[in-house]
>>> print(open('run-v1.cif').read())   # mmCIF, N, CA and C atoms
data_my_file
loop_
_atom_site.label_atom_id
_atom_site.label_comp_id
_atom_site.auth_asym_id
_atom_site.auth_seq_id
_atom_site.Cartn_x
_atom_site.Cartn_y
_atom_site.Cartn_z
N MET S 1 0.84 -1.17 0.00
CA MET S 1 0.00 0.00 0.00
C MET S 1 0.89 1.24 0.00
N GLU S 2 0.52 2.23 -0.81
CA GLU S 2 1.25 3.49 -0.84
C GLU S 2 0.42 4.58 -0.20
N GLN S 3 1.09 5.43 0.56
CA GLN S 3 0.44 6.58 1.18
C GLN S 3 1.29 7.79 0.91
N SER S 4 0.67 8.95 0.99
CA SER S 4 1.38 10.19 0.76
C SER S 4 1.12 11.15 1.91
N ILE S 5 2.18 11.77 2.39
CA ILE S 5 2.07 12.79 3.43
C ILE S 5 2.68 14.06 2.86
N LYS S 6 1.92 15.14 2.88
CA LYS S 6 2.40 16.41 2.32
C LYS S 6 2.50 17.44 3.44
N ILE S 7 3.71 17.99 3.63
CA ILE S 7 3.91 19.02 4.65
C ILE S 7 4.72 20.17 4.07
N LYS S 8 4.60 21.31 4.68
CA LYS S 8 5.39 22.48 4.28
C LYS S 8 6.73 22.43 5.02
N THR S 9 7.76 22.99 4.41
CA THR S 9 9.09 22.92 5.01
C THR S 9 9.14 23.57 6.39
N ASN S 10 8.34 24.62 6.59
CA ASN S 10 8.38 25.27 7.91
C ASN S 10 7.69 24.42 8.98
N GLU S 11 6.99 23.36 8.59
CA GLU S 11 6.37 22.44 9.54
C GLU S 11 7.29 21.27 9.90
N LEU S 12 8.42 21.19 9.26
CA LEU S 12 9.35 20.08 9.45
C LEU S 12 10.17 20.32 10.72
N GLN S 13 9.65 19.87 11.82
CA GLN S 13 10.29 20.02 13.13
C GLN S 13 10.80 18.66 13.60
N PRO S 14 11.80 18.65 14.49
CA PRO S 14 12.33 17.37 14.99
C PRO S 14 11.24 16.48 15.60
N THR S 15 10.26 17.06 16.28
CA THR S 15 9.21 16.24 16.88
C THR S 15 8.35 15.57 15.80
N LEU S 16 8.12 16.26 14.68
CA LEU S 16 7.37 15.66 13.59
C LEU S 16 8.16 14.52 12.96
N VAL S 17 9.45 14.75 12.74
CA VAL S 17 10.30 13.71 12.15
C VAL S 17 10.33 12.49 13.05
N GLU S 18 10.46 12.69 14.34
CA GLU S 18 10.48 11.57 15.28
C GLU S 18 9.14 10.85 15.29
N GLY S 19 8.05 11.61 15.22
CA GLY S 19 6.72 11.00 15.17
C GLY S 19 6.53 10.17 13.91
N LEU S 20 7.01 10.67 12.78
CA LEU S 20 6.93 9.92 11.53
C LEU S 20 7.76 8.64 11.61
N ARG S 21 8.94 8.74 12.19
CA ARG S 21 9.79 7.56 12.34
C ARG S 21 9.07 6.48 13.15
N LYS S 22 8.46 6.88 14.25
CA LYS S 22 7.72 5.91 15.08
C LYS S 22 6.52 5.34 14.33
N TYR S 23 5.84 6.19 13.57
CA TYR S 23 4.69 5.72 12.79
C TYR S 23 5.12 4.69 11.76
N PHE S 24 6.22 4.98 11.04
CA PHE S 24 6.69 4.04 10.01
C PHE S 24 7.10 2.71 10.62
N GLN S 25 7.71 2.77 11.80
CA GLN S 25 8.07 1.52 12.48
C GLN S 25 6.81 0.76 12.90
N ALA S 26 5.81 1.48 13.41
CA ALA S 26 4.58 0.83 13.90
C ALA S 26 3.82 0.13 12.78
N ILE S 27 3.84 0.70 11.57
CA ILE S 27 3.11 0.07 10.46
C ILE S 27 4.01 -0.88 9.67
N ASN S 28 5.25 -1.05 10.17
CA ASN S 28 6.21 -1.96 9.55
C ASN S 28 6.52 -1.56 8.10
N ALA S 29 6.71 -0.25 7.88
CA ALA S 29 7.03 0.25 6.55
C ALA S 29 8.42 -0.24 6.15
N LYS S 30 8.52 -0.79 4.96
CA LYS S 30 9.79 -1.33 4.48
C LYS S 30 10.59 -0.30 3.67
N GLU S 31 9.90 0.64 3.07
CA GLU S 31 10.58 1.63 2.25
C GLU S 31 9.82 2.95 2.33
N ILE S 32 10.57 4.04 2.34
CA ILE S 32 9.99 5.38 2.38
C ILE S 32 10.59 6.18 1.23
N THR S 33 9.75 6.84 0.46
CA THR S 33 10.20 7.70 -0.63
C THR S 33 9.93 9.14 -0.24
N ILE S 34 10.94 9.97 -0.34
CA ILE S 34 10.79 11.39 -0.03
C ILE S 34 10.94 12.17 -1.32
N SER S 35 9.95 13.00 -1.62
CA SER S 35 10.05 13.89 -2.77
C SER S 35 9.76 15.31 -2.30
N PHE S 36 10.20 16.27 -3.06
CA PHE S 36 9.98 17.66 -2.68
C PHE S 36 9.80 18.50 -3.93
N SER S 37 9.26 19.68 -3.74
CA SER S 37 9.07 20.59 -4.86
C SER S 37 9.75 21.92 -4.54
N THR S 38 10.25 22.54 -5.56
CA THR S 38 10.86 23.86 -5.44
C THR S 38 10.20 24.77 -6.46
N PRO S 39 10.27 26.07 -6.23
CA PRO S 39 9.68 26.98 -7.21
C PRO S 39 10.35 26.80 -8.57
N LYS S 40 9.55 26.80 -9.60
CA LYS S 40 10.08 26.63 -10.95
C LYS S 40 10.79 27.92 -11.37
N LYS S 41 11.99 27.74 -11.91
CA LYS S 41 12.74 28.89 -12.40
C LYS S 41 12.30 29.22 -13.81
N LYS S 42 12.18 30.49 -14.09
CA LYS S 42 11.79 30.94 -15.42
C LYS S 42 12.96 30.72 -16.37
N SER S 43 12.67 30.16 -17.49
CA SER S 43 13.68 29.88 -18.49
C SER S 43 13.33 30.63 -19.77
N LEU S 44 14.35 31.01 -20.52
CA LEU S 44 14.10 31.67 -21.78
C LEU S 44 13.37 30.76 -22.75
N ARG S 45 13.47 29.46 -22.60
CA ARG S 45 12.87 28.51 -23.52
C ARG S 45 11.45 28.11 -23.12
N ASP S 46 10.93 28.64 -22.01
CA ASP S 46 9.59 28.29 -21.56
C ASP S 46 8.55 29.26 -22.11
N GLU S 47 8.51 29.41 -23.42
CA GLU S 47 7.52 30.28 -24.02
C GLU S 47 7.08 29.72 -25.36
N THR S 48 5.89 30.09 -25.74
CA THR S 48 5.37 29.62 -27.01
C THR S 48 6.05 30.38 -28.14
N PRO S 49 5.99 29.86 -29.36
CA PRO S 49 6.57 30.60 -30.49
C PRO S 49 5.96 32.00 -30.65
N GLU S 50 4.67 32.11 -30.38
CA GLU S 50 4.02 33.41 -30.49
C GLU S 50 4.56 34.39 -29.44
N GLU S 51 4.73 33.90 -28.21
CA GLU S 51 5.29 34.75 -27.16
C GLU S 51 6.71 35.17 -27.50
N MET S 52 7.48 34.23 -28.05
CA MET S 52 8.85 34.54 -28.42
C MET S 52 8.87 35.62 -29.50
N LYS S 53 8.00 35.49 -30.49
CA LYS S 53 7.94 36.46 -31.58
C LYS S 53 7.62 37.85 -31.03
N LEU S 54 6.62 37.94 -30.14
CA LEU S 54 6.27 39.23 -29.55
C LEU S 54 7.42 39.81 -28.75
N ARG S 55 8.12 38.94 -27.98
CA ARG S 55 9.25 39.41 -27.18
C ARG S 55 10.37 39.93 -28.08
N ILE S 56 10.65 39.24 -29.17
CA ILE S 56 11.71 39.66 -30.09
C ILE S 56 11.33 40.96 -30.79
N GLU S 57 10.06 41.06 -31.23
CA GLU S 57 9.62 42.31 -31.87
C GLU S 57 9.74 43.49 -30.91
N LYS S 58 9.38 43.28 -29.67
CA LYS S 58 9.51 44.34 -28.67
C LYS S 58 10.97 44.71 -28.47
N ALA S 59 11.84 43.69 -28.42
CA ALA S 59 13.28 43.94 -28.25
C ALA S 59 13.84 44.74 -29.42
N ILE S 60 13.40 44.42 -30.64
CA ILE S 60 13.88 45.15 -31.82
C ILE S 60 13.46 46.61 -31.74
N LYS S 61 12.22 46.86 -31.33
CA LYS S 61 11.75 48.24 -31.18
C LYS S 61 12.58 48.98 -30.14
N ASN S 62 12.92 48.28 -29.03
CA ASN S 62 13.73 48.91 -27.99
C ASN S 62 15.15 49.21 -28.48
N ILE S 63 15.71 48.32 -29.31
CA ILE S 63 17.04 48.57 -29.87
C ILE S 63 16.99 49.79 -30.77
N ASP S 64 15.95 49.89 -31.59
CA ASP S 64 15.80 51.04 -32.48
C ASP S 64 15.71 52.34 -31.69
N LYS S 65 15.16 52.27 -30.48
CA LYS S 65 15.03 53.46 -29.63
C LYS S 65 16.23 53.63 -28.70
N ASN S 66 17.26 52.77 -28.84
CA ASN S 66 18.42 52.77 -27.93
C ASN S 66 17.98 52.65 -26.47
N ASN S 67 17.01 51.80 -26.25
CA ASN S 67 16.45 51.60 -24.92
C ASN S 67 16.59 50.13 -24.53
N VAL S 68 17.83 49.67 -24.27
CA VAL S 68 18.08 48.27 -23.96
C VAL S 68 18.74 48.17 -22.60
N SER S 69 18.18 47.32 -21.75
CA SER S 69 18.79 47.06 -20.44
C SER S 69 18.36 45.68 -19.97
N PHE S 70 19.15 45.09 -19.09
CA PHE S 70 18.81 43.81 -18.49
C PHE S 70 19.57 43.67 -17.19
N THR S 71 19.09 42.78 -16.33
CA THR S 71 19.72 42.57 -15.03
C THR S 71 20.92 41.63 -15.18
N GLY S 72 21.71 41.54 -14.14
CA GLY S 72 22.86 40.63 -14.14
C GLY S 72 22.44 39.19 -14.29
N SER S 73 21.35 38.80 -13.59
CA SER S 73 20.89 37.41 -13.70
C SER S 73 20.35 37.12 -15.10
N GLU S 74 19.72 38.10 -15.74
CA GLU S 74 19.26 37.92 -17.11
C GLU S 74 20.45 37.75 -18.05
N PHE S 75 21.53 38.49 -17.80
CA PHE S 75 22.74 38.37 -18.63
C PHE S 75 23.33 36.96 -18.49
N ILE S 76 23.41 36.47 -17.27
CA ILE S 76 23.96 35.12 -17.04
C ILE S 76 23.09 34.08 -17.73
N GLN S 77 21.76 34.21 -17.61
CA GLN S 77 20.85 33.27 -18.25
C GLN S 77 21.00 33.31 -19.77
N LEU S 78 21.10 34.50 -20.33
CA LEU S 78 21.28 34.64 -21.77
C LEU S 78 22.62 34.04 -22.20
N SER S 79 23.67 34.26 -21.42
CA SER S 79 24.98 33.71 -21.73
C SER S 79 24.95 32.18 -21.78
N LYS S 80 24.21 31.58 -20.86
CA LYS S 80 24.10 30.12 -20.84
C LYS S 80 23.39 29.62 -22.10
N VAL S 81 22.33 30.32 -22.50
CA VAL S 81 21.61 29.91 -23.71
C VAL S 81 22.49 30.08 -24.93
N LEU S 82 23.15 31.23 -25.04
CA LEU S 82 23.98 31.49 -26.21
C LEU S 82 25.21 30.60 -26.28
N SER S 83 25.72 30.17 -25.14
CA SER S 83 26.90 29.31 -25.15
C SER S 83 26.60 27.94 -25.74
N GLY S 84 25.32 27.57 -25.76
CA GLY S 84 24.92 26.29 -26.36
C GLY S 84 24.82 26.38 -27.87
N ILE S 85 24.86 27.60 -28.42
CA ILE S 85 24.79 27.79 -29.86
C ILE S 85 26.21 27.85 -30.40
N LYS S 86 26.52 27.01 -31.35
CA LYS S 86 27.89 26.96 -31.90
C LYS S 86 27.95 27.68 -33.20
#
>>> encode(input="run-v1.cif", output="C-alpha cells")
Amino acid sequence: MEQSIKIKTNELQPTLVEGLRKYFQAINAKEITISFSTPKKKSLRDETPEEMKLRIEKAIKNIDKNNVSFTGSEFIQLSKVLSGIK
C-alpha cells in the first residue's frame, strides 16, 4: 500500500520527524520515498513561439530606440543559452 504525506518545510520540526519515524516503524514500513518541490525557475525557452515572436519584436523596437537594459541574472541566463549555440 502506498500513502502520501504532504507538509510544508516550515512544519518540518524534529518532533514531527520523530513522530513519523515511530509511525513508520509501527506500520512496519519497508521503504519510504521522499520527494519535494521547489519553485520553478523561469527559463528563456519556456515560451510559445508566439510569445517569443512578440518578445523579439519588442526587443527590436527597444534597440531602435536605444532603450536596452537587463539585469545581471538575465545576462547570465542569456549567456548560458547562447553558449549552447555553436
>>> atom_distance(input="run-v1.cif", atom1="atom CA of Ser73 of chain S", atom2="atom CA of Ser35 of chain S")
28.1 Å
>>> closest_residue(input="run-v1.cif", among="S:Met52, S:Glu47, S:Glu57, S:Gln3", to="Glu31 of chain S", atoms="only C-alpha atoms")
S:Gln3
>>> atom_distance(input="run-v1.cif", atom1="atom N of Thr38 of chain S", atom2="atom N of Thr9 of chain S")
10.3 Å
>>> atom_distance(input="run-v1.cif", atom1="atom N of Leu16 of chain S", atom2="atom CA of Asn28 of chain S")
19.0 Å
